[in-house]
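Coordinates as given in structure_39.txt (compact mmCIF, C-alpha atoms):
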# COMPACT_ATOMS: atom_id res chain seq x y z
CA MET A 1 -35.34 -91.34 31.45
CA ASP A 2 -36.37 -87.88 30.66
CA ARG A 3 -33.71 -85.33 29.98
CA ASP A 4 -34.12 -81.64 30.62
CA VAL A 5 -33.50 -79.78 27.43
CA ASP A 6 -32.30 -76.21 27.78
CA VAL A 7 -33.46 -74.20 24.87
CA ALA A 8 -31.57 -70.92 24.61
CA PRO A 9 -33.63 -67.92 23.55
CA PRO A 10 -32.79 -66.52 20.13
CA LEU A 11 -30.14 -63.81 20.14
CA PRO A 12 -31.32 -60.35 19.10
CA ALA A 13 -30.27 -59.35 15.69
CA SER A 14 -27.26 -57.07 15.54
CA PRO A 15 -27.69 -53.71 13.85
CA ALA A 16 -24.82 -54.66 11.60
CA ASP A 17 -26.87 -57.63 10.27
CA ASP A 18 -29.58 -55.35 8.99
CA ARG A 19 -27.92 -54.30 5.78
CA ARG A 20 -30.98 -53.12 3.98
CA PRO A 21 -30.62 -49.69 2.41
CA PRO A 22 -32.69 -46.92 3.97
CA ALA A 23 -35.08 -46.93 1.06
CA ALA A 24 -35.95 -50.58 1.69
CA HIS A 25 -37.52 -49.83 5.05
CA PRO A 26 -41.30 -49.89 4.89
CA ASP A 27 -41.67 -46.34 6.19
CA GLY A 28 -39.12 -44.90 3.73
CA GLY A 29 -37.72 -42.72 6.54
CA GLY A 30 -34.12 -42.96 5.30
CA GLY A 31 -34.97 -41.65 1.86
CA LEU A 32 -37.01 -38.79 3.31
CA ARG A 33 -34.17 -37.75 5.59
CA MET A 34 -31.74 -37.83 2.70
CA ALA A 35 -34.05 -35.67 0.58
CA VAL A 36 -34.47 -33.14 3.40
CA ARG A 37 -30.69 -32.99 3.93
CA VAL A 38 -29.99 -32.38 0.24
CA ALA A 39 -32.68 -29.72 0.07
CA SER A 40 -31.36 -27.92 3.16
CA HIS A 41 -27.80 -27.91 1.81
CA ALA A 42 -28.99 -26.60 -1.53
CA LEU A 43 -30.96 -23.86 0.22
CA ILE A 44 -28.01 -22.80 2.38
CA ALA A 45 -25.66 -22.73 -0.59
CA GLY A 46 -28.09 -21.06 -2.96
CA LEU A 47 -29.51 -18.40 -0.64
CA PRO A 48 -26.44 -16.11 -0.71
CA VAL A 49 -26.27 -16.44 -4.48
CA ALA A 50 -29.94 -15.55 -4.81
CA VAL A 51 -29.54 -12.55 -2.49
CA LEU A 52 -26.53 -11.29 -4.44
CA GLY A 53 -28.43 -11.76 -7.68
CA VAL A 54 -31.37 -9.71 -6.42
CA VAL A 55 -29.03 -6.98 -5.17
CA ALA A 56 -27.24 -6.91 -8.51
CA ILE A 57 -30.54 -6.62 -10.41
CA VAL A 58 -32.04 -3.94 -8.18
CA LEU A 59 -28.88 -1.90 -7.48
CA GLY A 60 -27.02 -2.68 -10.67
CA PRO A 61 -27.10 0.87 -12.12
CA GLU A 62 -26.04 2.43 -8.82
CA ILE A 63 -23.18 -0.07 -8.39
CA SER A 64 -21.98 0.53 -11.93
CA ALA A 65 -22.03 4.29 -11.39
CA GLY A 66 -20.20 3.92 -8.08
CA LEU A 67 -17.43 1.86 -9.66
CA ASP A 68 -16.72 4.75 -11.99
CA SER A 69 -16.49 7.33 -9.22
CA ARG A 70 -13.27 9.12 -8.34
CA ALA A 71 -13.04 7.49 -4.92
CA VAL A 72 -13.16 3.95 -6.30
CA ALA A 73 -10.74 4.87 -9.08
CA ALA A 74 -8.35 6.32 -6.50
CA TRP A 75 -8.69 3.18 -4.36
CA ARG A 76 -7.83 0.98 -7.32
CA THR A 77 -4.85 3.18 -8.17
CA VAL A 78 -3.41 3.16 -4.64
CA PHE A 79 -4.01 -0.56 -4.16
CA THR A 80 -2.40 -1.44 -7.49
CA ALA A 81 0.56 0.87 -6.86
CA ILE A 82 1.29 -0.68 -3.44
CA VAL A 83 1.06 -4.23 -4.76
CA ILE A 84 3.18 -3.50 -7.82
CA GLN A 85 5.77 -1.74 -5.64
CA GLY A 86 5.85 -4.52 -3.08
CA VAL A 87 5.77 -7.71 -5.16
CA PRO A 88 9.22 -7.36 -6.81
CA PHE A 89 10.91 -6.73 -3.48
CA LEU A 90 8.85 -9.43 -1.79
CA LEU A 91 10.08 -11.81 -4.48
CA LEU A 92 13.64 -10.60 -3.89
CA GLY A 93 13.28 -11.19 -0.17
CA THR A 94 11.85 -14.68 -0.62
CA VAL A 95 14.64 -15.56 -3.07
CA VAL A 96 17.25 -14.44 -0.52
CA SER A 97 15.39 -16.29 2.23
CA ALA A 98 15.21 -19.48 0.17
CA ALA A 99 18.90 -19.20 -0.73
CA ILE A 100 19.81 -18.80 2.95
CA SER A 101 17.72 -21.83 3.91
CA ALA A 102 19.01 -24.09 1.14
CA PHE A 103 22.63 -23.10 0.58
CA VAL A 104 24.01 -21.33 3.67
CA PRO A 105 25.10 -23.60 6.54
CA ALA A 106 23.85 -22.69 9.98
CA TRP A 107 27.37 -22.30 11.39
CA VAL A 108 27.98 -19.26 9.17
CA PHE A 109 25.67 -17.09 11.26
CA THR A 110 27.10 -18.25 14.54
CA ARG A 111 30.59 -17.23 13.36
CA VAL A 112 29.63 -13.90 11.80
CA LEU A 113 27.49 -12.62 14.67
CA PRO A 114 28.96 -12.18 18.14
CA ARG A 115 27.93 -14.79 20.67
CA ASN A 116 26.85 -12.07 23.07
CA PRO A 117 23.24 -11.23 22.05
CA ALA A 118 23.65 -7.62 23.16
CA LEU A 119 26.56 -7.20 20.74
CA ALA A 120 24.85 -9.21 17.99
CA VAL A 121 21.99 -6.69 17.82
CA PRO A 122 24.01 -3.66 16.55
CA VAL A 123 26.04 -5.90 14.21
CA ALA A 124 22.83 -7.24 12.69
CA GLY A 125 21.46 -3.71 12.45
CA VAL A 126 24.48 -2.53 10.49
CA ALA A 127 24.30 -5.67 8.32
CA GLY A 128 20.84 -4.57 7.19
CA ALA A 129 22.54 -2.13 4.84
CA VAL A 130 23.52 -4.97 2.49
CA LEU A 131 19.97 -5.99 1.50
CA PRO A 132 18.71 -3.77 -1.36
CA GLY A 133 15.00 -4.15 -0.73
CA CYS A 134 11.98 -2.74 1.01
CA GLU A 135 10.16 -3.93 4.12
CA CYS A 136 8.36 -6.65 2.16
CA ALA A 137 11.70 -8.36 1.57
CA SER A 138 12.97 -8.07 5.15
CA VAL A 139 10.24 -10.15 6.81
CA PRO A 140 10.93 -13.49 5.07
CA VAL A 141 14.69 -12.97 5.41
CA ALA A 142 14.35 -12.33 9.16
CA GLY A 143 12.17 -15.42 9.47
CA SER A 144 14.81 -17.47 7.68
CA LEU A 145 17.51 -16.14 10.01
CA MET A 146 15.48 -17.21 13.04
CA ARG A 147 14.98 -20.66 11.55
CA ARG A 148 18.74 -20.90 11.11
CA GLY A 149 19.38 -20.24 14.79
CA VAL A 150 20.02 -16.47 14.88
CA THR A 151 18.84 -14.90 18.12
CA PRO A 152 15.43 -13.23 17.60
CA ALA A 153 16.67 -9.86 18.87
CA ALA A 154 19.38 -9.71 16.20
CA ALA A 155 17.02 -10.92 13.47
CA LEU A 156 14.47 -8.24 14.45
CA ALA A 157 17.13 -5.53 14.37
CA PHE A 158 18.01 -6.68 10.85
CA LEU A 159 14.32 -6.69 9.91
CA LEU A 160 13.96 -3.03 10.89
CA SER A 161 17.23 -1.69 9.53
CA ALA A 162 17.40 -3.47 6.15
CA PRO A 163 14.61 -1.51 4.41
CA ALA A 164 15.65 1.81 5.95
CA ILE A 165 19.43 2.15 5.58
CA ASN A 166 20.32 0.21 2.43
CA PRO A 167 22.17 2.14 -0.30
CA ILE A 168 19.19 2.34 -2.65
CA VAL A 169 17.01 4.01 -0.03
CA LEU A 170 19.73 6.44 1.00
CA MET A 171 20.41 7.36 -2.62
CA ALA A 172 16.70 7.94 -3.23
CA THR A 173 16.61 10.20 -0.16
CA TYR A 174 19.55 12.20 -1.50
CA VAL A 175 17.78 12.66 -4.84
CA ALA A 176 14.48 13.60 -3.18
CA PHE A 177 16.18 16.24 -0.98
CA PRO A 178 18.76 17.85 -3.28
CA GLY A 179 21.29 20.03 -1.55
CA ASN A 180 20.33 18.66 1.87
CA PRO A 181 22.76 15.84 2.80
CA TRP A 182 21.84 16.26 6.45
CA MET A 183 18.46 14.69 5.71
CA VAL A 184 20.24 11.57 4.44
CA ALA A 185 22.47 11.47 7.52
CA ALA A 186 19.49 12.02 9.81
CA ARG A 187 17.58 9.17 8.19
CA LEU A 188 20.56 6.83 8.53
CA VAL A 189 21.18 7.68 12.18
CA ALA A 190 17.52 7.65 13.28
CA SER A 191 16.72 4.40 11.48
CA LEU A 192 19.78 2.57 12.75
CA LEU A 193 19.21 3.88 16.28
CA THR A 194 15.58 2.69 16.20
CA SER A 195 16.49 -0.80 15.01
CA VAL A 196 19.20 -1.25 17.65
CA VAL A 197 17.02 0.08 20.47
CA MET A 198 14.18 -2.26 19.46
CA GLY A 199 16.56 -5.22 19.35
CA TRP A 200 17.79 -4.44 22.83
CA LEU A 201 14.24 -3.91 24.11
CA TRP A 202 13.19 -7.29 22.75
CA LEU A 203 16.26 -8.86 24.31
CA ARG A 204 15.37 -7.31 27.68
CA LEU A 205 11.56 -7.41 27.71
CA GLY A 206 10.50 -9.83 24.97
CA ARG A 207 8.92 -13.18 25.80
CA GLU A 208 9.16 -16.40 23.86
CA GLU A 209 5.39 -16.98 23.93
CA TRP A 210 4.81 -13.70 22.09
CA LEU A 211 6.88 -14.80 19.09
CA ARG A 212 5.59 -17.67 17.00
CA ALA A 213 8.40 -19.66 15.45
CA PRO A 214 8.47 -18.99 11.69
CA LYS A 215 7.26 -21.96 9.68
CA GLY A 216 8.98 -23.29 6.62
CA PRO A 217 12.01 -25.29 5.59
CA THR A 218 14.85 -25.00 8.08
CA GLY A 219 17.75 -26.09 5.95
CA HIS A 220 19.23 -28.97 4.01
CA THR A 221 17.61 -32.37 4.49
CA PRO A 222 19.74 -35.45 3.82
CA GLY A 223 18.73 -37.07 0.57
CA ALA A 224 17.15 -33.94 -0.94
CA SER A 225 18.81 -31.74 -3.52
CA ARG A 226 19.65 -28.13 -2.74
CA ALA A 227 17.75 -26.94 -5.80
CA GLU A 228 14.59 -28.75 -4.69
CA GLU A 229 14.80 -27.27 -1.19
CA PHE A 230 15.35 -23.84 -2.69
CA ARG A 231 12.20 -24.25 -4.81
CA VAL A 232 10.09 -25.50 -1.89
CA SER A 233 11.25 -22.70 0.42
CA LEU A 234 10.70 -20.03 -2.24
CA GLN A 235 7.20 -21.28 -3.00
CA HIS A 236 6.24 -21.48 0.68
CA ASP A 237 7.51 -18.03 1.65
CA PHE A 238 6.25 -16.16 -1.42
CA LEU A 239 2.73 -17.61 -1.41
CA HIS A 240 2.42 -17.20 2.36
CA ALA A 241 3.60 -13.59 2.45
CA GLY A 242 1.92 -12.52 -0.78
CA GLY A 243 -1.57 -12.88 0.66
CA PHE A 244 -0.76 -10.64 3.61
CA LEU A 245 0.77 -8.08 1.26
CA VAL A 246 -2.56 -7.87 -0.58
CA VAL A 247 -4.47 -7.46 2.70
CA GLY A 248 -2.19 -4.66 3.86
CA ALA A 249 -2.41 -2.91 0.49
CA ALA A 250 -6.21 -2.99 0.61
CA ALA A 251 -6.22 -1.50 4.13
CA ALA A 252 -3.82 1.28 3.13
CA ALA A 253 -5.82 2.12 0.00
CA THR A 254 -9.05 2.28 2.02
CA PHE A 255 -7.59 4.76 4.51
CA ASN A 256 -6.03 6.83 1.75
CA VAL A 257 -9.43 7.28 0.11
CA ALA A 258 -11.60 7.55 3.24
CA VAL A 259 -9.62 10.26 5.09
CA PRO A 260 -9.72 13.69 3.37
CA HIS A 261 -6.44 15.55 2.96
CA SER A 262 -7.93 18.58 4.70
CA VAL A 263 -7.69 16.67 7.97
CA LEU A 264 -3.92 16.35 7.55
CA ARG A 265 -3.48 20.09 7.14
CA LEU A 266 -4.93 20.66 10.60
CA PHE A 267 -1.77 19.16 12.14
CA SER A 268 0.89 20.72 9.95
CA ASP A 269 1.01 23.97 11.93
CA SER A 270 1.67 22.25 15.26
CA VAL A 271 5.28 21.39 16.09
CA TRP A 272 4.24 18.76 18.64
CA LEU A 273 1.51 17.12 16.55
CA SER A 274 3.16 17.17 13.13
CA VAL A 275 5.78 14.54 13.99
CA PRO A 276 3.37 11.87 15.33
CA MET A 277 0.86 12.78 12.63
CA LEU A 278 3.27 12.00 9.82
CA GLY A 279 4.26 8.89 11.76
CA VAL A 280 0.63 7.75 11.60
CA LEU A 281 0.41 8.76 7.95
CA ALA A 282 3.46 6.61 7.14
CA VAL A 283 1.74 3.60 8.70
CA VAL A 284 -1.46 3.89 6.71
CA LEU A 285 -0.03 4.99 3.37
CA ALA A 286 2.37 2.02 3.30
CA VAL A 287 4.67 3.56 0.69
CA CYS A 288 7.63 1.43 -0.38
CA SER A 289 10.87 2.54 1.30
CA GLU A 290 12.48 3.21 -2.08
CA ALA A 291 9.77 5.78 -2.87
CA ASP A 292 8.75 7.25 0.49
CA ALA A 293 11.46 9.96 0.36
CA PHE A 294 9.75 11.53 -2.65
CA VAL A 295 6.41 11.50 -0.81
CA ALA A 296 8.05 13.09 2.23
CA ALA A 297 9.68 15.78 0.08
CA SER A 298 6.24 16.70 -1.28
CA LEU A 299 4.89 17.36 2.24
CA THR A 300 6.30 20.88 2.27
CA GLY A 301 3.81 22.12 4.86
CA PHE A 302 5.41 19.97 7.58
CA SER A 303 8.66 20.50 9.46
CA PRO A 304 11.88 18.64 8.51
CA SER A 305 11.63 16.55 11.68
CA ALA A 306 8.09 15.50 10.79
CA ARG A 307 9.15 14.48 7.30
CA LEU A 308 12.06 12.57 8.81
CA ALA A 309 9.59 10.69 11.02
CA PHE A 310 7.61 9.78 7.91
CA MET A 311 10.72 8.19 6.36
CA VAL A 312 11.85 6.43 9.54
CA VAL A 313 8.49 5.01 10.59
CA GLY A 314 7.32 3.90 7.13
CA PRO A 315 9.92 1.16 6.44
CA MET A 316 9.47 -0.23 9.97
CA VAL A 317 5.73 0.05 10.66
CA ASP A 318 3.02 0.13 8.02
CA LEU A 319 -0.16 -1.79 7.35
CA LYS A 320 1.29 -4.26 4.88
CA LEU A 321 4.30 -4.87 7.13
CA ILE A 322 2.03 -5.50 10.13
CA ALA A 323 0.06 -7.98 8.03
CA LEU A 324 3.26 -9.71 6.92
CA GLN A 325 4.56 -9.90 10.49
CA SER A 326 1.21 -11.28 11.69
CA GLY A 327 1.35 -14.07 9.14
CA THR A 328 5.00 -14.91 9.83
CA PHE A 329 5.45 -14.37 13.57
CA GLY A 330 1.88 -14.27 14.91
CA ARG A 331 -0.66 -11.56 15.63
CA ALA A 332 0.34 -11.13 19.29
CA PHE A 333 3.91 -10.38 18.27
CA ALA A 334 2.95 -8.04 15.43
CA LEU A 335 0.70 -5.86 17.60
CA ARG A 336 3.19 -5.52 20.45
CA PHE A 337 6.29 -5.14 18.30
CA SER A 338 4.75 -2.70 15.82
CA SER A 339 3.33 -0.48 18.57
CA ALA A 340 6.65 -0.30 20.41
CA THR A 341 8.55 0.28 17.17
CA TRP A 342 6.29 3.18 16.23
CA VAL A 343 6.88 4.91 19.57
CA VAL A 344 10.66 4.39 19.44
CA ALA A 345 10.85 5.52 15.79
CA VAL A 346 8.90 8.71 16.46
CA VAL A 347 11.03 9.57 19.50
CA CYS A 348 14.29 8.86 17.66
CA SER A 349 13.13 10.93 14.68
CA ALA A 350 12.25 13.87 16.89
CA LEU A 351 15.60 13.74 18.73
CA VAL A 352 17.75 13.25 15.63
CA GLY A 353 15.76 15.88 13.74
CA TRP A 354 16.26 18.37 16.54
CA TRP A 355 19.99 17.53 16.57
CA LEU A 356 20.79 17.47 12.81
CA LEU A 357 17.97 19.34 11.10
Full structure transcribed into structure tokens:
Amino acid sequence: MDRDVDVAPPLPASPADDRRPPAAHPDGGGGLRMAVRVASHALIAGLPVAVLGVVAIVLGPEISAGLDSRAVAAWRTVFTAIVIQGVPFLLLGTVVSAAISAFVPAWVFTRVLPRNPALAVPVAGVAGAVLPGCECASVPVAGSLMRRGVTPAAALAFLLSAPAINPIVLMATYVAFPGNPWMVAARLVASLLTSVVMGWLWLRLGREEWLRAPKGPTGHTPGASRAEEFRVSLQHDFLHAGGFLVVGAAAAATFNVAVPHSVLRLFSDSVWLSVPMLGVLAVVLAVCSEADAFVAASLTGFSPSARLAFMVVGPMVDLKLIALQSGTFGRAFALRFSSATWVVAVVCSALVGWWLL
């Protein structure tokens, strides 16, 4: 009896069974592709180096001469001065921020500040007088306050007032304007008024999506030592903010060198243009708040109100501060908040200057 025998066809080989290296294929296609890939990567990586080398060889004498020019020397001087001025106070601010995050319980802020956000804003603005630092220090501290649960409007009022009304700044203003205590009073009133108004404006018009939550340690973690959390928070805040300080210093130095001083003198004779002009100058010069009073005192061609605007705007809006705010709270926030702060600071300076000066 014959039996039908079903013979199954052989299964096709799986790609996984072919474990031969690419070079073992008869056509050598794998090795050729690998060689082409390595050569292309080497070309892409080496082309910029080769171009820079050719530029250095051909334009070397001109570049060397340009580096010795007055403009480049002035750029280096301004850039170095801003960084050297800002780093100590940035370190101070990050130390305070790390101490708040690691050692201060969150309930402290809820008890010190009023529960009503509208009342918390002026209290936080007045509290800015206790931080002896410049604007570089106020950004990380404000970020730490937000991480600890302080309402953003109150933290922003503190951010603006701290570098403008602390005792060191007011004493420097008194020394820079001897025999003119009204300039000190005007700076105190205009700066505090600007910070409170901006806090209330953010409370009324600000949106949560504009403000990026500050990143970093938020407080004590069970099982971790306070000293270790202090170190981690300090390292995070200082390294993160330090890069933006360098970027802002480079931008301020570039403007200081690129714009001739003769352009500034065109606005000194106009009462209406001198105030906003010195407000713009304060933004781009980015002078530390402990030293800006001496710069303002040297601008003798401008009116007292214009020089007041220079001292009120500078600690609240300048290039390095915008860069720091962008890195901490987001670019969308920094552009909106800095623009509104500049307008409010200029208006408050003009009104207080007209009233007291």
For CA of Leu160 in chain A and CA of Leu335 in chain A, the interatomic separation in Å (one decimal):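 Interatomic distance here is 15.1 Å.
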Neighbour list for range 314-317 of chain A as number ranges by chain, cut-off 8 Å, all atoms listed in the file, skip fewer than 4 positions in-chain: A: 134-135, 160-161, 163-164, 279, 282-283, 286-289, 292, 310, 321-322, 338, 341-342
Saved selection, atoms kept: C-alpha atoms, as a PDB file, in the coordinates of the input:
ATOM      1  CA  CYS A 134      11.980  -2.740   1.010  1.00  0.00           C
ATOM      2  CA  GLU A 135      10.160  -3.930   4.120  1.00  0.00           C
ATOM      3  CA  LEU A 160      13.960  -3.030  10.890  1.00  0.00           C
ATOM      4  CA  SER A 161      17.230  -1.690   9.530  1.00  0.00           C
ATOM      5  CA  PRO A 163      14.610  -1.510   4.410  1.00  0.00           C
ATOM      6  CA  ALA A 164      15.650   1.810   5.950  1.00  0.00           C
ATOM      7  CA  GLY A 279       4.260   8.890  11.760  1.00  0.00           C
ATOM      8  CA  ALA A 282       3.460   6.610   7.140  1.00  0.00           C
ATOM      9  CA  VAL A 283       1.740   3.600   8.700  1.00  0.00           C
ATOM     10  CA  ALA A 286       2.370   2.020   3.300  1.00  0.00           C
ATOM     11  CA  VAL A 287       4.670   3.560   0.690  1.00  0.00           C
ATOM     12  CA  CYS A 288       7.630   1.430  -0.380  1.00  0.00           C
ATOM     13  CA  SER A 289      10.870   2.540   1.300  1.00  0.00           C
ATOM     14  CA  ASP A 292       8.750   7.250   0.490  1.00  0.00           C
ATOM     15  CA  PHE A 310       7.610   9.780   7.910  1.00  0.00           C
ATOM     16  CA  LEU A 321       4.300  -4.870   7.130  1.00  0.00           C
ATOM     17  CA  ILE A 322       2.030  -5.500  10.130  1.00  0.00           C
ATOM     18  CA  SER A 338       4.750  -2.700  15.820  1.00  0.00           C
ATOM     19  CA  THR A 341       8.550   0.280  17.170  1.00  0.00           C
ATOM     20  CA  TRP A 342       6.290   3.180  16.230  1.00  0.00           C
TER      21      TRP A 342
END
Test item: residues at most 7 Å from range 174-180 of chain A, all atoms listed in the file, excluding those fewer than 5 positions along its chain, as a PyMOL selection string: chain A and resi 293-294+297
Which residue of A:Val87, A:Ala153, A:Ala186, A:Met171 approaches Val123 in chain A most closely, using only C-alpha atoms: A:Ala153
Å distance separating CA of Ala155 in chain A from CA of Ala124 in chain A, one decimal place: 6.9 Å
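Remark: for Ala258 in chain A, the closest of the candidate residues A:Val184, A:Ala71, A:Leu91, A:Ala157 is A:Ala71 (distances computed over all atoms listed in the file).
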Distance in Å - CA of Gly128 in chain A versus CA of Arg147 in chain A: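 Separation of CA of Gly128 in chain A and CA of Arg147 in chain A: 17.7 Å.
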Distance criterion (all atoms listed in the file): nearest to Ser274 in chain A out of A:Ala350, A:Val169, A:Leu205, A:Val246: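 Between A:Ala350, A:Val169, A:Leu205, A:Val246, the residue approaching Ser274 in chain A most closely is A:Ala350.
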Nearby residues, (5.6, 10.8, 18.8) file frame, 10 Å, all atoms listed in the file, as a ChimeraX atom specification: /A:272-280,306,309,342-350
Nearest-residue call for Ala252 in chain A, choices A:Leu234, A:Leu285, A:Gly125, A:Ala102, using all atoms listed in the file: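 Under the stated criterion, the closest residue is A:Leu285.
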Neighbours of point (2.3, 16.2, 6.8) within 8 Å, using only C-alpha atoms, written as a PyMOL selection string: chain A and resi 264-265+267-268+274+277-278+281+296+299-302+306-307
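Comparing the minimum interatomic distances between Arg76 in chain A and each of A:Val196, A:Ser233, A:Pro214, A:Thr254, counting only C-alpha atoms, we find that A:Thr254 sits nearest.
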Best match for closeness to Ala73 in chain A among A:Ala253, A:Leu357, A:Val189, A:Val352, counting all atoms listed in the file: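 Nearest candidate to Ala73 in chain A out of A:Ala253, A:Leu357, A:Val189, A:Val352: A:Ala253.
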